[in-house]
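Below is one structure, written out as structure tokens, with a few remarks after it.
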Amino acid sequence: MESIISVKGLGKTYAGGFTALKNVDLDIRRGEIFALLGPNGAGKTTLISIICGIVNPTGGSVTADGCDIIRDFRAARSKIGLVPQELATDAFESVLATVTFSRGLFGKSPDPAYIEKLLRQLSLWEKKDSKIMALSGGMKRRVMIAKALSHEPAILFLDEPSAGVDVELRQDMWEMVRGLRESGVTIILTTHYIEEAEEMADRVGVINHGEVVLVEEKNTLMQKMGEKELSLHLPEPLQQVPEALRDLPLTLNDDGSRLIYRFDIKSNDTGITELLRRLNEAEIEFRDLHTRESSLEEIFVGLVRGEREEKAEQLTKETLE
Amino acid sequence: MNWYGIRAIYKFEMARTGRTLMQSIASPVLSTSLYFIVFGAAIGSRMGDIDGISYGAFIIPGLLMLSLLSESISNASFGIFFPKFSGTIYEVLSAPVSAFEIVAGYVGAAATKSIILGLLILVTARFFVDYEIVHPFWMFGFLVLTALTFSMFGFVIGIWADDFQKLQVIPLMVVTPLTFLGGAFYSINMLPELWQKVILFNPVVYLISGFRWAFYGVSDVNVGISLGMTLLFLVLCMTGIWWIFRTGYRIKT
Ligand SMILES: Nc1ncnc2c1ncn2[C@@H]1O[C@H](COP(=O)(O)OP(=O)(O)OP(=O)(O)O)[C@@H](O)[C@H]1O
Ligand SMILES: [Mg+2]
């Protein structure tokens, strides 16, 4: 698929000498929702800030919709809307004035009808004449979203949009994000909530210590996630999976002391009854059994804990299988 | 050229003035009027003419310059310092506006305010002192040029300052003393010979002298030199701003 943002060899070393991004390559596809995950200080905001022109990169290049973000900054930036992580608003301005300001700043001719539609969508129209300082935190965040969308960008960055936002508003926000995607906007969001990434994203990227350690279709990850393992502890180790059970998705662990059965937790027929019946027929005894499921969170934490290469390798291998 | 962008910044800044009318317009007009009352009408009546001009009229260009310098600097420096301080600058940095357009918006608005203020002070002065302007065109030219130059200077200070104290220190500790000593209240010919030389290092002398020439046709230094110096400051400030944007100094990490 065609990529709308292309990050190549991007590096950032801050003035203090701290390297926040190391040789990052990343492609965002047109029209997708991309979730960028990573622990605090991983470099998510730095990456976004570079793409949006707020931080200067120390190496590498980025294009947005084919336009280099430095050489052709006008074209690149006019396509991008940003909702930053920090709430920074002009306290004394009215909602309508600040959103109108943003549209002008991004070089668009005034369009009161569009601004009205936008504010209504974000349930801000009743508050249009209120000073921003008189709004609640969640409302302020919506104002920032309205500002980011005021110039009808093709690409929207949401840096931790759900921080400090209640459940109901979060649902509304995701509804809107989906709506935007429907209308062709590409959305890149960062979040600490893995469920959020699961619910929203088409693809997920994990960044840690300034490196992108994983980029994956969410569905592929979900498949992994929806997979559960049933392991049967055998009294006597086996050399191989018994002949009679070869047609089942069974594997032996390294020392042959456990039989491992993988199944899809979401399917109606997990095949466990069948498995147990067959085990009985084959006269295979077991001492104990337990099940475990791998979650995206687990994968994520594993990656982040520095087992990342190993895990990523394993993951891609398993994905290919 | 992103005209809508320039207009957005300009309008935003002008709206800020609208909200702070007392502070940004009324208070400088009032304090300058006090000078006219005290020095022009009260003390001035006991002072002899300088270069054939009544003392009250003589101090008008200097006082006007004092307000012009300090207001241009404080308006422009605050205008850019505040978004930096509150974090809203992210939006300007992420917008498709060039350095020139950002400066045009912020400095343009700050200079506009100063010019309006200058004209208001001129009108107010007329209530207390009798004066005529010999070269109105040049007077307005100097007014605009000074407002622009020192709004740019203020912009540089606003970028440089990383706390409120630094924002105040240059206008209070440098510009105000230089203006008072720069011939706002006296002609430098009234000074001892040595000081007449030393004072030529004070750049504000040239600004005031040129301005006074535009008002009354008399000056301490040649008006050509005054104009040249004013333009020199303009170029210096523009260079400073150009350097700031080229290096991202204190606005981009
Ligand atoms: N202006 C700066 N100067 C020096 N170091 C910085 C600066 N901004 C960020 N950093 C460092 O760069 C690293 C990455 O920061 P960044 O804000 O990109 O992380 P993040 O992934 O967005 O984290 P979080 O989830 O907490 O928002 C951090 O270690 C941070 O301390
Ligand atoms: Mg962040």
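The way I read the labels, and the way they are meant: chains A, B, ... in the order of the structure tokens, residue 1 as the first residue of every chain, and ligand 1 as the first ligand shown, with later ones counted on from there.
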Per residue of chain A within 9 Å of ligand 2, what are the shortest atom pair and its distance in Å to one decimal, counting only C-alpha atoms and all ligand atoms, with rows by chain and residue number, as JSON lines?
{"residue": "A:Asn40", "atom": "CA", "partner": "ligand 2", "partner_atom_place_in_ligand_line": "1 (Mg)", "distance": 6.9}
{"residue": "A:Gly41", "atom": "CA", "partner": "ligand 2", "partner_atom_place_in_ligand_line": "1 (Mg)", "distance": 6.9}
{"residue": "A:Ala42", "atom": "CA", "partner": "ligand 2", "partner_atom_place_in_ligand_line": "1 (Mg)", "distance": 7.9}
{"residue": "A:Gly43", "atom": "CA", "partner": "ligand 2", "partner_atom_place_in_ligand_line": "1 (Mg)", "distance": 6.9}
{"residue": "A:Lys44", "atom": "CA", "partner": "ligand 2", "partner_atom_place_in_ligand_line": "1 (Mg)", "distance": 5.4}
{"residue": "A:Thr45", "atom": "CA", "partner": "ligand 2", "partner_atom_place_in_ligand_line": "1 (Mg)", "distance": 4.0}
{"residue": "A:Thr46", "atom": "CA", "partner": "ligand 2", "partner_atom_place_in_ligand_line": "1 (Mg)", "distance": 7.2}
{"residue": "A:Ile48", "atom": "CA", "partner": "ligand 2", "partner_atom_place_in_ligand_line": "1 (Mg)", "distance": 8.8}
{"residue": "A:Pro84", "atom": "CA", "partner": "ligand 2", "partner_atom_place_in_ligand_line": "1 (Mg)", "distance": 8.5}
{"residue": "A:Gln85", "atom": "CA", "partner": "ligand 2", "partner_atom_place_in_ligand_line": "1 (Mg)", "distance": 6.1}
{"residue": "A:Glu86", "atom": "CA", "partner": "ligand 2", "partner_atom_place_in_ligand_line": "1 (Mg)", "distance": 8.6}
{"residue": "A:Asp159", "atom": "CA", "partner": "ligand 2", "partner_atom_place_in_ligand_line": "1 (Mg)", "distance": 6.6}
{"residue": "A:Glu160", "atom": "CA", "partner": "ligand 2", "partner_atom_place_in_ligand_line": "1 (Mg)", "distance": 7.2}
{"residue": "A:Thr190", "atom": "CA", "partner": "ligand 2", "partner_atom_place_in_ligand_line": "1 (Mg)", "distance": 7.8}
{"residue": "A:Thr191", "atom": "CA", "partner": "ligand 2", "partner_atom_place_in_ligand_line": "1 (Mg)", "distance": 8.8}
Name the residues, by chain letter and number, that sit within 12 Å of ligand 1 using only C-alpha atoms and all ligand atoms, and give them as an MDAnalysis selection string. (chainID A and resid 11:22 36:50 54:56 84:86 158:161 163 189:193 206:212) or (chainID B and resid 250:253)
For chain A versus chain B, which residues have an atom no more than 7 Å away, and what is each residue's nearest atom pair and distance in Å rounded to one decimal, using only C-alpha atoms, chain-then-number order, as JSON lines?
{"residue": "A:Tyr14", "atom": "CA", "partner": "B:Thr253", "partner_atom": "CA", "distance": 6.8}
{"residue": "A:Cys52", "atom": "CA", "partner": "B:Ser94", "partner_atom": "CA", "distance": 5.3}
{"residue": "A:Gly53", "atom": "CA", "partner": "B:Ser94", "partner_atom": "CA", "distance": 5.1}
{"residue": "A:Ile54", "atom": "CA", "partner": "B:Leu93", "partner_atom": "CA", "distance": 5.4}
{"residue": "A:Val55", "atom": "CA", "partner": "B:Thr253", "partner_atom": "CA", "distance": 5.3}
{"residue": "A:Asn56", "atom": "CA", "partner": "B:Thr253", "partner_atom": "CA", "distance": 6.2}
{"residue": "A:Phe73", "atom": "CA", "partner": "B:Pro96", "partner_atom": "CA", "distance": 6.5}
{"residue": "A:Arg74", "atom": "CA", "partner": "B:Pro96", "partner_atom": "CA", "distance": 4.4}
{"residue": "A:Arg77", "atom": "CA", "partner": "B:Pro96", "partner_atom": "CA", "distance": 5.3}
{"residue": "A:Ser78", "atom": "CA", "partner": "B:Pro96", "partner_atom": "CA", "distance": 5.7}
{"residue": "A:Ala88", "atom": "CA", "partner": "B:Thr88", "partner_atom": "CA", "distance": 5.1}
{"residue": "A:Thr89", "atom": "CA", "partner": "B:Thr88", "partner_atom": "CA", "distance": 5.8}
{"residue": "A:Asp90", "atom": "CA", "partner": "B:Thr88", "partner_atom": "CA", "distance": 6.9}
{"residue": "A:Phe101", "atom": "CA", "partner": "B:Ala8", "partner_atom": "CA", "distance": 5.4}
{"residue": "A:Gly104", "atom": "CA", "partner": "B:Tyr4", "partner_atom": "CA", "distance": 4.9}
{"residue": "A:Leu105", "atom": "CA", "partner": "B:Gly5", "partner_atom": "CA", "distance": 3.8}
{"residue": "A:Phe106", "atom": "CA", "partner": "B:Ala95", "partner_atom": "CA", "distance": 5.4}
{"residue": "A:Gly107", "atom": "CA", "partner": "B:Tyr4", "partner_atom": "CA", "distance": 5.0}
{"residue": "A:Lys108", "atom": "CA", "partner": "B:Tyr4", "partner_atom": "CA", "distance": 6.5}
{"residue": "A:Ser109", "atom": "CA", "partner": "B:Tyr4", "partner_atom": "CA", "distance": 6.7}
Please run DSSP on the backbone and report, as a PyMOL selection string, all residues within segment 65-228 of chain B that come out as alpha helix (DSSP H). chain B and resi 65-86+89-94+99-128+136-160+164-170+176-179+193-198+203-216+223-228
Selected residues written out with C-alpha atoms, as a tab-separated table (two decimals), in the first residue's frame:
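Once written, again-v7.tsv looks like this:
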chain	number	residue	atom	x	y	z
B	65	MET	CA	10.66	58.20	21.75
B	66	LEU	CA	10.80	56.90	25.32
B	67	SER	CA	7.28	55.50	25.09
B	68	LEU	CA	7.86	54.25	21.59
B	69	LEU	CA	10.99	52.33	22.55
B	70	SER	CA	9.72	50.82	25.75
B	71	GLU	CA	6.27	49.94	24.42
B	72	SER	CA	7.59	48.45	21.18
B	73	ILE	CA	10.00	46.30	23.09
B	74	SER	CA	7.57	45.19	25.75
B	75	ASN	CA	4.73	44.50	23.32
B	76	ALA	CA	6.81	42.48	20.92
B	77	SER	CA	8.81	40.64	23.56
B	78	PHE	CA	5.73	39.64	25.49
B	79	GLY	CA	3.93	38.65	22.28
B	80	ILE	CA	6.47	35.96	21.48
B	81	PHE	CA	7.57	35.15	25.03
B	82	PHE	CA	4.11	34.20	26.20
B	83	PRO	CA	3.40	31.43	23.68
B	84	LYS	CA	6.86	30.10	24.42
B	85	PHE	CA	6.05	30.18	28.12
B	86	SER	CA	2.56	28.68	27.83
B	89	ILE	CA	4.10	28.14	20.31
B	90	TYR	CA	3.95	24.53	19.13
B	91	GLU	CA	1.18	25.55	16.82
B	92	VAL	CA	3.09	28.36	15.15
B	93	LEU	CA	6.12	26.09	14.76
B	94	SER	CA	4.05	23.33	13.19
B	99	ALA	CA	10.21	32.87	9.68
B	100	PHE	CA	9.45	36.00	7.71
B	101	GLU	CA	5.72	35.48	8.08
B	102	ILE	CA	5.97	34.83	11.82
B	103	VAL	CA	7.98	38.02	12.28
B	104	ALA	CA	5.66	39.98	10.02
B	105	GLY	CA	2.71	38.94	12.16
B	106	TYR	CA	4.19	39.50	15.60
B	107	VAL	CA	6.39	42.48	14.84
B	108	GLY	CA	3.80	44.02	12.56
B	109	ALA	CA	1.22	43.93	15.35
B	110	ALA	CA	3.62	45.25	17.98
B	111	ALA	CA	4.72	48.09	15.70
B	112	THR	CA	1.12	48.95	14.85
B	113	LYS	CA	0.31	49.29	18.54
B	114	SER	CA	3.32	51.52	19.10
B	115	ILE	CA	2.42	53.74	16.18
B	116	ILE	CA	-1.14	54.11	17.43
B	117	LEU	CA	0.21	54.85	20.87
B	118	GLY	CA	2.66	57.41	19.49
B	119	LEU	CA	-0.09	59.22	17.63
B	120	LEU	CA	-2.28	59.21	20.71
B	121	ILE	CA	0.51	60.73	22.77
B	122	LEU	CA	1.01	63.41	20.14
B	123	VAL	CA	-2.64	64.31	20.28
B	124	THR	CA	-2.64	64.30	24.08
B	125	ALA	CA	0.46	66.49	24.20
B	126	ARG	CA	-1.41	69.14	22.26
B	127	PHE	CA	-3.69	69.64	25.27
B	128	PHE	CA	-0.76	70.71	27.44
B	136	PRO	CA	5.39	65.74	9.28
B	137	PHE	CA	6.34	63.22	6.64
B	138	TRP	CA	9.74	62.61	8.22
B	139	MET	CA	8.23	62.62	11.68
B	140	PHE	CA	5.91	59.82	10.66
B	141	GLY	CA	8.77	58.07	8.88
B	142	PHE	CA	10.93	58.07	12.01
B	143	LEU	CA	7.96	56.99	14.09
B	144	VAL	CA	7.27	53.99	11.89
B	145	LEU	CA	10.92	53.08	11.50
B	146	THR	CA	11.58	53.25	15.24
B	147	ALA	CA	8.44	51.29	16.09
B	148	LEU	CA	9.43	48.59	13.61
B	149	THR	CA	13.05	48.41	14.65
B	150	PHE	CA	12.37	48.21	18.35
B	151	SER	CA	9.52	45.78	17.91
B	152	MET	CA	12.06	43.55	16.21
B	153	PHE	CA	14.44	44.16	19.07
B	154	GLY	CA	11.65	43.20	21.46
B	155	PHE	CA	11.02	40.05	19.45
B	156	VAL	CA	14.66	39.08	19.89
B	157	ILE	CA	14.44	39.73	23.63
B	158	GLY	CA	11.24	37.69	23.86
B	159	ILE	CA	12.99	34.76	22.23
B	160	TRP	CA	16.08	35.16	24.38
B	164	PHE	CA	9.84	37.00	33.24
B	165	GLN	CA	12.76	38.80	34.83
B	166	LYS	CA	14.88	38.64	31.71
B	167	LEU	CA	11.91	39.97	29.81
B	168	GLN	CA	11.98	43.15	31.89
B	169	VAL	CA	15.67	43.64	32.42
B	170	ILE	CA	16.67	45.14	29.05
B	176	THR	CA	15.08	53.60	29.83
B	177	PRO	CA	18.42	54.95	31.17
B	178	LEU	CA	19.79	55.37	27.66
B	179	THR	CA	16.71	57.32	26.68
B	193	GLU	CA	32.58	69.04	26.30
B	194	LEU	CA	33.85	65.61	27.37
B	195	TRP	CA	30.35	64.28	27.94
B	196	GLN	CA	29.28	65.57	24.57
B	197	LYS	CA	31.76	63.09	23.09
B	198	VAL	CA	30.96	60.21	25.43
B	203	PRO	CA	22.58	55.05	20.26
B	204	VAL	CA	19.36	56.60	21.50
B	205	VAL	CA	20.89	60.08	21.02
B	206	TYR	CA	20.64	59.59	17.27
B	207	LEU	CA	17.04	58.45	17.42
B	208	ILE	CA	15.93	61.39	19.54
B	209	SER	CA	17.96	63.90	17.62
B	210	GLY	CA	16.54	62.76	14.30
B	211	PHE	CA	13.04	62.78	15.66
B	212	ARG	CA	13.47	66.28	17.05
B	213	TRP	CA	14.73	67.46	13.69
B	214	ALA	CA	11.56	66.14	12.09
B	215	PHE	CA	9.52	68.10	14.63
B	216	TYR	CA	11.37	71.38	14.81
B	223	VAL	CA	19.82	64.11	10.55
B	224	GLY	CA	21.46	61.96	7.88
B	225	ILE	CA	23.51	60.27	10.58
B	226	SER	CA	20.35	59.79	12.65
B	227	LEU	CA	18.59	58.14	9.77
B	228	GLY	CA	21.65	56.03	9.04
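Here atom CA of Ser267 of chain A is placed at a distance of 15.8 Å from atom CA of Leu248 of chain A.
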Near-Glu198 of chain A list (12 Å; only C-alpha atoms; drop same-chain fewer than 3 positions) as a PDB file with C-alpha atoms, in the first residue's frame:
ATOM      1  CA  ILE A  33      -4.906   4.371  11.903  1.00  0.00           C
ATOM      2  CA  PHE A  34      -1.453   3.711  13.252  1.00  0.00           C
ATOM      3  CA  ALA A  35      -0.859   3.291  16.966  1.00  0.00           C
ATOM      4  CA  LEU A  36       2.569   4.070  18.306  1.00  0.00           C
ATOM      5  CA  LEU A  37       3.217   2.344  21.600  1.00  0.00           C
ATOM      6  CA  THR A 191      -1.081   5.741  23.717  1.00  0.00           C
ATOM      7  CA  HIS A 192      -0.193   3.866  26.837  1.00  0.00           C
ATOM      8  CA  TYR A 193      -3.459   1.956  26.741  1.00  0.00           C
ATOM      9  CA  ILE A 194      -2.969  -1.214  24.843  1.00  0.00           C
ATOM     10  CA  GLU A 195      -6.706  -1.862  24.643  1.00  0.00           C
ATOM     11  CA  ALA A 201      -5.526   0.733  15.140  1.00  0.00           C
ATOM     12  CA  ASP A 202      -4.995  -0.920  11.809  1.00  0.00           C
ATOM     13  CA  ARG A 203      -1.332  -1.301  12.567  1.00  0.00           C
ATOM     14  CA  VAL A 204       0.741  -1.028  15.683  1.00  0.00           C
ATOM     15  CA  GLY A 205       4.316   0.138  16.076  1.00  0.00           C
ATOM     16  CA  GLU A 216       2.806  -5.147  12.760  1.00  0.00           C
ATOM     17  CA  GLU A 217      -0.715  -5.435  11.421  1.00  0.00           C
ATOM     18  CA  LYS A 218      -2.978  -5.301  14.407  1.00  0.00           C
ATOM     19  CA  ASN A 219      -4.938  -8.316  13.188  1.00  0.00           C
ATOM     20  CA  THR A 220      -1.807 -10.388  13.124  1.00  0.00           C
ATOM     21  CA  LEU A 221      -1.116  -9.311  16.659  1.00  0.00           C
ATOM     22  CA  MET A 222      -4.697  -9.981  17.614  1.00  0.00           C
ATOM     23  CA  GLN A 223      -4.416 -13.475  16.248  1.00  0.00           C
ATOM     24  CA  MET A 225      -3.397 -12.454  21.269  1.00  0.00           C
ATOM     25  CA  GLY A 226      -6.527 -14.444  20.725  1.00  0.00           C
ATOM     26  CA  SER A 295      -1.636 -10.643  25.166  1.00  0.00           C
ATOM     27  CA  LEU A 296      -0.448  -7.704  23.198  1.00  0.00           C
ATOM     28  CA  GLU A 297       0.540  -6.282  26.520  1.00  0.00           C
TER      29      GLU A 297
END
Please provide the set of residues having any atom within 10 Å of Gly40 of chain B, restricted to only C-alpha atoms, with same-chain residues fewer than 4 positions apart removed, written as a ChimeraX atom specification. /B:33-36,44-47,54-60,125,128-130
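The interatomic distance for the pair atom CA of Phe92 of chain A and atom CA of Lys131 of chain A works out to 5.6 Å.
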